[in-house]
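Have a look at structure.cif below; it lists mmCIF, C-alpha atoms and all ligand atoms.
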data_start
loop_
_atom_site.group_PDB
_atom_site.id
_atom_site.type_symbol
_atom_site.label_atom_id
_atom_site.label_comp_id
_atom_site.auth_asym_id
_atom_site.auth_seq_id
_atom_site.Cartn_x
_atom_site.Cartn_y
_atom_site.Cartn_z
ATOM 1 C CA MET A 1 -142.615 82.501 -126.508
ATOM 2 C CA ALA A 2 -142.231 79.392 -128.520
ATOM 3 C CA ALA A 3 -140.379 76.181 -128.998
ATOM 4 C CA ALA A 4 -140.283 72.572 -130.073
ATOM 5 C CA VAL A 5 -138.351 70.258 -132.293
ATOM 6 C CA SER A 6 -139.914 69.020 -135.475
ATOM 7 C CA ASP A 7 -138.903 67.969 -138.940
ATOM 8 C CA ASP A 8 -142.426 67.728 -140.390
ATOM 9 C CA ILE A 9 -143.223 71.460 -140.484
ATOM 10 C CA PRO A 10 -141.702 73.736 -143.179
ATOM 11 C CA PHE A 11 -140.194 76.189 -140.708
ATOM 12 C CA ASP A 12 -138.704 79.436 -141.988
ATOM 13 C CA LYS A 13 -135.860 80.565 -139.725
ATOM 14 C CA SER A 14 -134.743 83.400 -141.964
ATOM 15 C CA PHE A 15 -134.640 86.809 -140.331
ATOM 16 C CA ASP A 16 -133.193 90.047 -141.667
ATOM 17 C CA LEU A 17 -134.131 92.744 -139.162
ATOM 18 C CA MET A 18 -131.590 94.462 -136.906
ATOM 19 C CA PRO A 19 -132.670 95.096 -133.288
ATOM 20 C CA ASP A 20 -134.701 98.269 -132.886
ATOM 21 C CA ILE A 21 -134.364 99.364 -136.543
ATOM 22 C CA PRO A 22 -137.754 99.650 -138.270
ATOM 23 C CA LYS A 23 -138.319 98.067 -141.661
ATOM 24 C CA GLU A 24 -141.338 97.814 -143.948
ATOM 25 C CA VAL A 25 -142.403 94.136 -144.027
ATOM 26 C CA ALA A 26 -145.673 94.541 -145.953
ATOM 27 C CA PRO A 27 -147.455 97.448 -147.638
ATOM 28 C CA ASN A 28 -148.438 99.892 -144.896
ATOM 29 C CA VAL A 29 -146.777 97.760 -142.161
ATOM 30 C CA ARG A 30 -143.423 98.394 -140.490
ATOM 31 C CA ALA A 31 -141.791 95.962 -138.062
ATOM 32 C CA ILE A 32 -139.314 96.683 -135.304
ATOM 33 C CA VAL A 33 -137.755 93.836 -133.325
ATOM 34 C CA ALA A 34 -136.852 94.183 -129.641
ATOM 35 C CA ASN A 35 -133.370 93.147 -128.593
ATOM 36 C CA ASN A 36 -134.549 90.209 -126.450
ATOM 37 C CA PRO A 37 -133.393 87.107 -128.354
ATOM 38 C CA GLY A 38 -133.566 83.701 -126.656
ATOM 39 C CA PRO A 39 -134.721 80.096 -126.922
ATOM 40 C CA PHE A 40 -138.377 81.152 -126.496
ATOM 41 C CA THR A 41 -138.253 84.487 -128.346
ATOM 42 C CA PHE A 42 -136.034 83.615 -131.360
ATOM 43 C CA LYS A 43 -134.460 86.927 -132.526
ATOM 44 C CA GLY A 44 -136.725 88.997 -130.278
ATOM 45 C CA THR A 45 -140.302 90.224 -129.969
ATOM 46 C CA MET A 46 -141.811 91.790 -133.072
ATOM 47 C CA THR A 47 -143.607 95.129 -132.732
ATOM 48 C CA TYR A 48 -145.609 96.300 -135.750
ATOM 49 C CA ILE A 49 -146.630 99.785 -136.871
ATOM 50 C CA LEU A 50 -149.736 99.844 -139.058
ATOM 51 C CA GLY A 51 -150.451 102.801 -141.350
ATOM 52 C CA ARG A 52 -148.771 106.132 -142.052
ATOM 53 C CA GLY A 53 -149.400 109.464 -140.362
ATOM 54 C CA LYS A 54 -152.063 108.200 -137.983
ATOM 55 C CA VAL A 55 -150.877 104.745 -136.972
ATOM 56 C CA ALA A 56 -151.627 101.739 -134.792
ATOM 57 C CA ILE A 57 -149.013 99.752 -132.882
ATOM 58 C CA VAL A 58 -149.368 95.986 -132.473
ATOM 59 C CA ASP A 59 -147.593 94.498 -129.409
ATOM 60 C CA PRO A 60 -145.422 97.308 -127.987
ATOM 61 C CA GLY A 61 -143.102 94.625 -126.580
ATOM 62 C CA PRO A 62 -141.053 94.173 -123.406
ATOM 63 C CA ASP A 63 -140.431 96.978 -120.904
ATOM 64 C CA ASP A 64 -137.059 97.698 -122.432
ATOM 65 C CA ASP A 65 -135.949 101.339 -122.626
ATOM 66 C CA ALA A 66 -134.025 100.926 -125.869
ATOM 67 C CA HIS A 67 -137.052 99.330 -127.551
ATOM 68 C CA VAL A 68 -139.497 101.944 -126.237
ATOM 69 C CA THR A 69 -137.176 104.723 -127.439
ATOM 70 C CA ALA A 70 -136.691 103.105 -130.840
ATOM 71 C CA LEU A 71 -140.435 102.593 -131.235
ATOM 72 C CA LEU A 72 -141.221 106.213 -130.342
ATOM 73 C CA ASP A 73 -138.455 107.382 -132.712
ATOM 74 C CA ALA A 74 -139.978 105.263 -135.479
ATOM 75 C CA VAL A 75 -143.321 107.084 -135.157
ATOM 76 C CA ARG A 76 -141.865 110.563 -134.622
ATOM 77 C CA GLY A 77 -144.013 113.124 -136.452
ATOM 78 C CA GLU A 78 -146.913 110.640 -136.618
ATOM 79 C CA THR A 79 -149.889 110.162 -134.305
ATOM 80 C CA VAL A 80 -150.362 106.805 -132.585
ATOM 81 C CA THR A 81 -154.111 106.390 -132.251
ATOM 82 C CA HIS A 82 -154.426 102.688 -131.325
ATOM 83 C CA ILE A 83 -152.410 100.015 -129.515
ATOM 84 C CA PHE A 84 -153.343 96.352 -130.051
ATOM 85 C CA VAL A 85 -152.045 93.581 -127.779
ATOM 86 C CA THR A 86 -152.140 89.920 -128.851
ATOM 87 C CA HIS A 87 -151.497 88.486 -125.388
ATOM 88 C CA THR A 88 -150.049 89.295 -122.001
ATOM 89 C CA HIS A 89 -146.669 87.611 -121.871
ATOM 90 C CA ARG A 90 -143.869 89.805 -120.576
ATOM 91 C CA ASP A 91 -142.174 90.045 -123.939
ATOM 92 C CA HIS A 92 -145.304 91.519 -125.603
ATOM 93 C CA SER A 93 -147.310 93.887 -123.367
ATOM 94 C CA PRO A 94 -145.187 95.544 -120.603
ATOM 95 C CA ALA A 95 -144.137 98.452 -122.855
ATOM 96 C CA VAL A 96 -147.815 99.444 -123.188
ATOM 97 C CA PRO A 97 -147.921 101.955 -120.277
ATOM 98 C CA LYS A 98 -144.905 103.902 -121.588
ATOM 99 C CA ILE A 99 -146.152 103.950 -125.188
ATOM 100 C CA LYS A 100 -149.640 104.914 -124.055
ATOM 101 C CA ALA A 101 -148.279 107.678 -121.804
ATOM 102 C CA ALA A 102 -146.150 109.068 -124.636
ATOM 103 C CA THR A 103 -148.866 108.923 -127.294
ATOM 104 C CA GLY A 104 -152.285 108.932 -125.616
ATOM 105 C CA ALA A 105 -153.341 105.976 -127.770
ATOM 106 C CA THR A 106 -156.242 103.718 -126.795
ATOM 107 C CA VAL A 107 -155.327 100.127 -125.857
ATOM 108 C CA PHE A 108 -157.299 97.212 -127.354
ATOM 109 C CA ALA A 109 -157.005 93.542 -126.334
ATOM 110 C CA GLU A 110 -159.097 90.548 -125.340
ATOM 111 C CA GLY A 111 -158.608 91.221 -121.636
ATOM 112 C CA PRO A 112 -156.247 90.939 -118.656
ATOM 113 C CA HIS A 113 -154.070 87.869 -118.189
ATOM 114 C CA ARG A 114 -155.897 84.811 -116.878
ATOM 115 C CA LEU A 115 -155.315 81.069 -116.657
ATOM 116 C CA SER A 116 -156.953 78.587 -119.003
ATOM 117 C CA ARG A 117 -158.211 76.552 -116.058
ATOM 118 C CA PRO A 118 -158.145 76.637 -112.234
ATOM 119 C CA LEU A 119 -154.899 75.654 -110.522
ATOM 120 C CA HIS A 120 -154.547 72.064 -109.338
ATOM 121 C CA ILE A 121 -152.448 70.965 -106.389
ATOM 122 C CA GLY A 122 -149.047 70.015 -107.807
ATOM 123 C CA ASP A 123 -149.266 72.394 -110.762
ATOM 124 C CA THR A 124 -145.949 73.957 -111.444
ATOM 125 C CA ARG A 125 -146.029 77.659 -112.072
ATOM 126 C CA ARG A 126 -142.553 77.875 -113.557
ATOM 127 C CA LEU A 127 -143.746 80.035 -116.458
ATOM 128 C CA ASP A 128 -145.496 82.362 -114.026
ATOM 129 C CA ALA A 129 -142.772 84.936 -114.329
ATOM 130 C CA SER A 130 -143.673 85.188 -118.006
ATOM 131 C CA ALA A 131 -147.110 86.742 -117.387
ATOM 132 C CA ASP A 132 -147.829 90.490 -117.288
ATOM 133 C CA MET A 133 -150.438 90.526 -114.520
ATOM 134 C CA ASP A 134 -150.729 94.343 -114.528
ATOM 135 C CA PHE A 135 -152.040 94.716 -118.084
ATOM 136 C CA ARG A 136 -155.577 96.112 -118.583
ATOM 137 C CA PRO A 137 -156.948 97.147 -122.002
ATOM 138 C CA ASP A 138 -158.915 100.383 -122.355
ATOM 139 C CA THR A 139 -161.309 98.489 -124.597
ATOM 140 C CA ALA A 140 -161.853 94.721 -124.343
ATOM 141 C CA LEU A 141 -162.581 93.138 -127.724
ATOM 142 C CA LYS A 142 -164.711 90.108 -128.518
ATOM 143 C CA ASP A 143 -164.324 87.737 -131.434
ATOM 144 C CA GLY A 144 -165.405 89.427 -134.670
ATOM 145 C CA ASP A 145 -165.296 92.985 -133.294
ATOM 146 C CA THR A 146 -163.815 95.467 -135.746
ATOM 147 C CA VAL A 147 -161.795 98.598 -135.005
ATOM 148 C CA SER A 148 -161.086 101.172 -137.694
ATOM 149 C CA GLY A 149 -158.336 103.765 -137.988
ATOM 150 C CA ASP A 150 -156.932 105.981 -140.708
ATOM 151 C CA GLY A 151 -156.816 103.692 -143.762
ATOM 152 C CA TRP A 152 -157.136 100.367 -141.956
ATOM 153 C CA THR A 153 -159.681 98.087 -140.323
ATOM 154 C CA MET A 154 -158.777 95.399 -137.800
ATOM 155 C CA GLU A 155 -160.984 92.407 -137.015
ATOM 156 C CA ALA A 156 -160.473 90.727 -133.639
ATOM 157 C CA VAL A 157 -159.953 86.967 -133.901
ATOM 158 C CA THR A 158 -159.893 85.159 -130.550
ATOM 159 C CA THR A 159 -157.194 82.476 -130.639
ATOM 160 C CA PRO A 160 -156.804 80.998 -127.126
ATOM 161 C CA GLY A 161 -154.302 78.209 -126.524
ATOM 162 C CA HIS A 162 -150.876 79.801 -126.032
ATOM 163 C CA THR A 163 -152.643 81.942 -123.443
ATOM 164 C CA ALA A 164 -156.346 82.125 -122.568
ATOM 165 C CA ASN A 165 -156.547 85.756 -123.703
ATOM 166 C CA HIS A 166 -154.633 85.379 -126.974
ATOM 167 C CA MET A 167 -156.150 87.415 -129.808
ATOM 168 C CA ALA A 168 -155.064 87.736 -133.439
ATOM 169 C CA PHE A 169 -155.980 90.766 -135.550
ATOM 170 C CA ALA A 170 -156.941 90.635 -139.213
ATOM 171 C CA TYR A 171 -155.863 93.746 -141.133
ATOM 172 C CA LYS A 172 -158.648 93.679 -143.686
ATOM 173 C CA GLU A 173 -157.299 96.032 -146.380
ATOM 174 C CA GLY A 174 -153.917 94.249 -146.393
ATOM 175 C CA ASP A 175 -155.284 90.709 -146.185
ATOM 176 C CA ILE A 176 -152.805 90.078 -143.354
ATOM 177 C CA LEU A 177 -153.318 88.433 -139.973
ATOM 178 C CA PHE A 178 -151.315 89.673 -137.004
ATOM 179 C CA ALA A 179 -151.011 86.212 -135.470
ATOM 180 C CA GLY A 180 -149.127 86.929 -132.228
ATOM 181 C CA ASP A 181 -147.521 83.773 -130.827
ATOM 182 C CA HIS A 182 -150.329 81.469 -131.996
ATOM 183 C CA VAL A 183 -148.724 80.796 -135.399
ATOM 184 C CA MET A 184 -145.071 81.590 -136.114
ATOM 185 C CA ALA A 185 -142.812 80.692 -139.055
ATOM 186 C CA TRP A 186 -139.707 79.760 -137.011
ATOM 187 C CA SER A 187 -141.229 77.336 -134.504
ATOM 188 C CA THR A 188 -144.369 75.910 -133.007
ATOM 189 C CA THR A 189 -145.770 77.802 -130.021
ATOM 190 C CA ILE A 190 -145.664 76.762 -126.371
ATOM 191 C CA VAL A 191 -148.909 75.478 -124.930
ATOM 192 C CA ALA A 192 -148.224 75.257 -121.200
ATOM 193 C CA PRO A 193 -150.972 74.556 -118.652
ATOM 194 C CA PRO A 194 -152.414 76.236 -116.702
ATOM 195 C CA ASP A 195 -151.533 79.342 -118.731
ATOM 196 C CA GLY A 196 -152.472 77.643 -121.994
ATOM 197 C CA ALA A 197 -154.618 74.697 -123.058
ATOM 198 C CA MET A 198 -154.195 72.201 -125.891
ATOM 199 C CA SER A 199 -157.917 71.842 -126.640
ATOM 200 C CA ASP A 200 -158.182 75.639 -127.059
ATOM 201 C CA TYR A 201 -155.026 75.738 -129.169
ATOM 202 C CA MET A 202 -156.252 73.047 -131.567
ATOM 203 C CA ALA A 203 -159.647 74.751 -131.915
ATOM 204 C CA SER A 204 -157.882 78.047 -132.637
ATOM 205 C CA LEU A 205 -155.760 76.390 -135.356
ATOM 206 C CA GLN A 206 -158.905 74.899 -136.911
ATOM 207 C CA LYS A 207 -160.443 78.360 -136.830
ATOM 208 C CA LEU A 208 -157.499 79.862 -138.759
ATOM 209 C CA ALA A 209 -157.531 76.956 -141.228
ATOM 210 C CA ARG A 210 -160.979 78.212 -142.300
ATOM 211 C CA ARG A 211 -159.684 81.747 -142.929
ATOM 212 C CA ARG A 212 -158.130 83.042 -146.126
ATOM 213 C CA GLU A 213 -155.349 85.501 -145.180
ATOM 214 C CA PRO A 214 -152.268 84.288 -147.128
ATOM 215 C CA THR A 215 -149.754 86.095 -144.893
ATOM 216 C CA TYR A 216 -149.358 86.195 -141.115
ATOM 217 C CA LEU A 217 -147.145 88.637 -139.226
ATOM 218 C CA SER A 218 -146.186 86.931 -135.974
ATOM 219 C CA GLY A 219 -144.892 87.803 -132.524
ATOM 220 C CA HIS A 220 -141.481 86.353 -133.373
ATOM 221 C CA GLY A 221 -139.639 85.621 -136.606
ATOM 222 C CA ALA A 222 -140.283 86.137 -140.302
ATOM 223 C CA PRO A 223 -143.730 86.454 -141.909
ATOM 224 C CA VAL A 224 -145.686 83.222 -142.435
ATOM 225 C CA ARG A 225 -146.333 82.733 -146.167
ATOM 226 C CA ASP A 226 -148.957 80.386 -147.609
ATOM 227 C CA ALA A 227 -150.439 80.589 -144.134
ATOM 228 C CA THR A 228 -153.471 78.315 -144.537
ATOM 229 C CA ARG A 229 -151.269 75.436 -145.687
ATOM 230 C CA TYR A 230 -148.818 76.140 -142.861
ATOM 231 C CA VAL A 231 -151.638 75.990 -140.311
ATOM 232 C CA GLU A 232 -152.585 72.560 -141.694
ATOM 233 C CA PHE A 233 -148.988 71.446 -141.052
ATOM 234 C CA LEU A 234 -149.252 72.676 -137.460
ATOM 235 C CA ILE A 235 -152.505 70.767 -136.934
ATOM 236 C CA ARG A 236 -151.001 67.565 -138.332
ATOM 237 C CA HIS A 237 -147.868 68.045 -136.244
ATOM 238 C CA ARG A 238 -149.861 68.201 -132.992
ATOM 239 C CA GLN A 239 -151.975 65.246 -134.048
ATOM 240 C CA GLY A 240 -148.709 63.360 -134.681
ATOM 241 C CA ARG A 241 -147.359 64.344 -131.282
ATOM 242 C CA GLU A 242 -150.573 63.162 -129.641
ATOM 243 C CA ALA A 243 -150.219 59.823 -131.448
ATOM 244 C CA SER A 244 -146.592 59.544 -130.233
ATOM 245 C CA ILE A 245 -147.664 60.177 -126.636
ATOM 246 C CA LEU A 246 -150.420 57.560 -126.896
ATOM 247 C CA HIS A 247 -147.908 55.117 -128.389
ATOM 248 C CA ARG A 248 -145.499 55.669 -125.478
ATOM 249 C CA LEU A 249 -148.289 55.271 -122.926
ATOM 250 C CA GLY A 250 -149.179 52.015 -124.664
ATOM 251 C CA LYS A 251 -145.564 50.889 -124.244
ATOM 252 C CA GLY A 252 -145.706 51.558 -120.506
ATOM 253 C CA ALA A 253 -144.329 55.094 -120.172
ATOM 254 C CA ALA A 254 -146.366 56.590 -117.339
ATOM 255 C CA ASP A 255 -144.899 59.966 -116.429
ATOM 256 C CA VAL A 256 -144.085 63.228 -118.186
ATOM 257 C CA PRO A 257 -140.236 63.018 -118.048
ATOM 258 C CA THR A 258 -140.228 59.505 -119.544
ATOM 259 C CA ILE A 259 -142.592 60.529 -122.336
ATOM 260 C CA VAL A 260 -140.588 63.698 -123.112
ATOM 261 C CA LYS A 261 -137.354 61.690 -123.353
ATOM 262 C CA ALA A 262 -138.946 59.274 -125.824
ATOM 263 C CA VAL A 263 -140.933 61.736 -127.925
ATOM 264 C CA TYR A 264 -138.714 64.844 -128.148
ATOM 265 C CA ILE A 265 -135.552 63.471 -129.745
ATOM 266 C CA GLY A 266 -132.649 65.913 -129.954
ATOM 267 C CA LEU A 267 -134.343 68.522 -127.784
ATOM 268 C CA ASP A 268 -132.409 71.660 -126.792
ATOM 269 C CA PRO A 269 -131.788 71.069 -123.030
ATOM 270 C CA ARG A 270 -133.081 74.589 -122.326
ATOM 271 C CA LEU A 271 -136.470 73.497 -123.682
ATOM 272 C CA VAL A 272 -136.981 70.306 -121.635
ATOM 273 C CA GLY A 273 -139.224 72.104 -119.147
ATOM 274 C CA ALA A 274 -141.327 73.582 -121.942
ATOM 275 C CA ALA A 275 -141.598 70.178 -123.645
ATOM 276 C CA GLY A 276 -142.832 68.724 -120.339
ATOM 277 C CA LEU A 277 -145.564 71.351 -120.161
ATOM 278 C CA SER A 278 -146.544 70.756 -123.798
ATOM 279 C CA THR A 279 -146.784 67.031 -123.014
ATOM 280 C CA LEU A 280 -148.890 67.828 -119.954
ATOM 281 C CA ALA A 281 -151.143 69.932 -122.205
ATOM 282 C CA HIS A 282 -151.684 66.912 -124.455
ATOM 283 C CA LEU A 283 -152.304 64.624 -121.453
ATOM 284 C CA GLU A 284 -154.866 67.052 -120.034
ATOM 285 C CA ASP A 285 -156.661 67.175 -123.357
ATOM 286 C CA LEU A 286 -156.551 63.361 -123.713
ATOM 287 C CA GLY A 287 -157.857 63.048 -120.148
ATOM 288 C CA ALA A 288 -160.751 65.393 -120.861
ATOM 289 C CA ARG A 289 -161.587 63.249 -123.901
ATOM 290 C CA GLY A 290 -161.549 60.052 -121.798
ATOM 291 C CA ILE A 291 -158.609 58.472 -123.621
ATOM 292 C CA VAL A 292 -156.057 58.787 -120.803
ATOM 293 C CA ALA A 293 -156.573 58.328 -117.072
ATOM 294 C CA THR A 294 -154.627 59.710 -114.119
ATOM 295 C CA ASP A 295 -155.060 59.703 -110.368
ATOM 296 C CA GLY A 296 -156.408 63.114 -109.411
ATOM 297 C CA PRO A 297 -156.229 66.140 -111.703
ATOM 298 C CA PRO A 298 -153.508 66.058 -114.379
ATOM 299 C CA SER A 299 -150.209 67.489 -113.155
ATOM 300 C CA ILE A 300 -146.580 67.542 -114.254
ATOM 301 C CA ASN A 301 -145.758 64.967 -111.546
ATOM 302 C CA GLY A 302 -148.756 62.728 -112.247
ATOM 303 C CA THR A 303 -148.817 59.162 -113.540
ATOM 304 C CA TYR A 304 -150.824 58.374 -116.649
ATOM 305 C CA ARG A 305 -152.247 55.338 -118.398
ATOM 306 C CA LEU A 306 -154.472 54.587 -121.369
ATOM 307 C CA THR A 307 -158.063 53.966 -120.375
ATOM 308 C CA GLU A 308 -158.015 50.881 -122.632
ATOM 309 C CA ARG A 309 -155.277 49.173 -124.593
ATOM 310 C CA PRO A 310 -155.279 50.156 -128.258
ATOM 311 C CA PRO A 311 -156.260 47.310 -130.637
ATOM 312 C CA CYS A 312 -152.701 46.852 -131.889
ATOM 313 C CA GLY A 313 -151.409 46.415 -128.317
ATOM 314 C CA GLY A 314 -149.371 49.621 -128.602
HETATM 315 ZN ZN ZN A 401 -146.270 84.486 -125.600
#
Final structure tokens representation of the file:
Amino acid sequence: MAAAVSDDIPFDKSFDLMPDIPKEVAPNVRAIVANNPGPFTFKGTMTYILGRGKVAIVDPGPDDDAHVTALLDAVRGETVTHIFVTHTHRDHSPAVPKIKAATGATVFAEGPHRLSRPLHIGDTRRLDASADMDFRPDTALKDGDTVSGDGWTMEAVTTPGHTANHMAFAYKEGDILFAGDHVMAWSTTIVAPPDGAMSDYMASLQKLARRREPTYLSGHGAPVRDATRYVEFLIRHRQGREASILHRLGKGAADVPTIVKAVYIGLDPRLVGAAGLSTLAHLEDLGARGIVATDGPPSINGTYRLTERPPCGG
């Protein structure tokens, strides 16, 4: 899931895969896109097959019979030994039970779905339907854990923010990061409390900015090239958005809808709800840092103010 409007990030919206037809996207890596396009999924969820002969699958995808069939066809005559899951949104993990049943592969992930923080009264749960609450990995991975298969090694890289349990996987021999929905070429990701958290997301971007993989293969869209530079763009973009929100608060905007209207110019109407949650994520983070105050815990319906007027008067 993803979305946002921005002209400061060098997005790449190219895409040349056909639904459910596998294609090699990097040496030793095939991609197969599920036929679930939409405003949050772009052309669909990307499933990856790592290796040849004895293979791993990254993000089996939605519980969609055509996708499951196409994925099993793609690995016909091969042995699936491992399944990796980046996070537990319904477009990424619900095909796991069918793929596991058909292949006997072992499932690796950070853990079951969980919220980034406890629920507050007034929290909307409108993205609730997006979570796969049934998912359980066979093996829970911690940051830095490595898993090896036939000709590949994966390093687990915890990257919370989009979800609390989001995990990227570094394919060491290929110098590629499977980045899930944390970093995508076509769009920024959604950071929607209480599922996600802005402070976690920013820390996870900073963590990737210190890594060296030049190419990311993401949960949606084309590969990310020159990835370290791209991550710097994402960091600056969120810092810019935070500055815009502070500016609007300084001008007297006090609630999420008013801020969204002022900050997200030209927003796809289907993404207004997501933009509201992204704004709430910023406000939560600013509140935790003592820069913004609200009455009671931050919520989508709350009213917000700066704790002190900025020197310029806003
Ligand atoms: Zn997601």
Using only C-alpha atoms, what does the table of range 124-232 of chain A residues within 9 Å of range 39-62 of chain A look like, with each row giving the shortest atom pair and its distance in Å to one decimal, sorted by chain and ascending number, as a tab-separated table?
residue	atom	partner	partner_atom	distance
A:Gly149	CA	A:Val55	CA	7.6
A:Asp150	CA	A:Lys54	CA	6.0
A:Gly151	CA	A:Gly51	CA	6.9
A:Trp152	CA	A:Gly51	CA	7.1
A:Phe169	CA	A:Val58	CA	9.0
A:Tyr171	CA	A:Leu50	CA	8.9
A:Phe178	CA	A:Val58	CA	8.0
A:Gly180	CA	A:Asp59	CA	8.2
A:Trp186	CA	A:Phe42	CA	7.8
A:Ser187	CA	A:Phe42	CA	8.7
A:Thr189	CA	A:Phe40	CA	8.8
A:Ile190	CA	A:Phe40	CA	8.5
A:Leu217	CA	A:Tyr48	CA	8.6
A:Ser218	CA	A:Met46	CA	7.2
A:Gly219	CA	A:Met46	CA	5.1
A:His220	CA	A:Thr45	CA	5.3
A:Gly221	CA	A:Phe42	CA	6.7
Quiz item: What residues come out when you apply the PyMOL selection byres (((not hetatm)) within 9 of (chain A and resi 401)) to this file, written as a PyMOL selection string?
Solution: chain A and resi 1-2+40-41+86-92+130-131+162-163+166+180-182+189-190+219
Self-check item: Residue members of the PyMOL selection byres (((chain A and resi 154) around 8) and not hetatm) in the file shown, as a list in words
Solution: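 When the PyMOL selection byres (((chain A and resi 154) around 8) and not hetatm) is applied, the selected residues are Thr146, Val147, Ser148, Trp152, Thr153, Glu155, Ala156, Phe169, Ala170, Tyr171 and Lys172 of chain A.
The two atoms in question, CA of Ala102 in chain A and CA of Asn35 in chain A, are spaced 20.8 Å apart.
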Self-check item: Top pick for closest residue to Asp8 in chain A, considering A:Leu246, A:Ile21, A:Ile235, A:Val85 and counting all atoms listed in the file
Solution: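 The answer is A:Ile235, which sits nearest to Asp8 in chain A.
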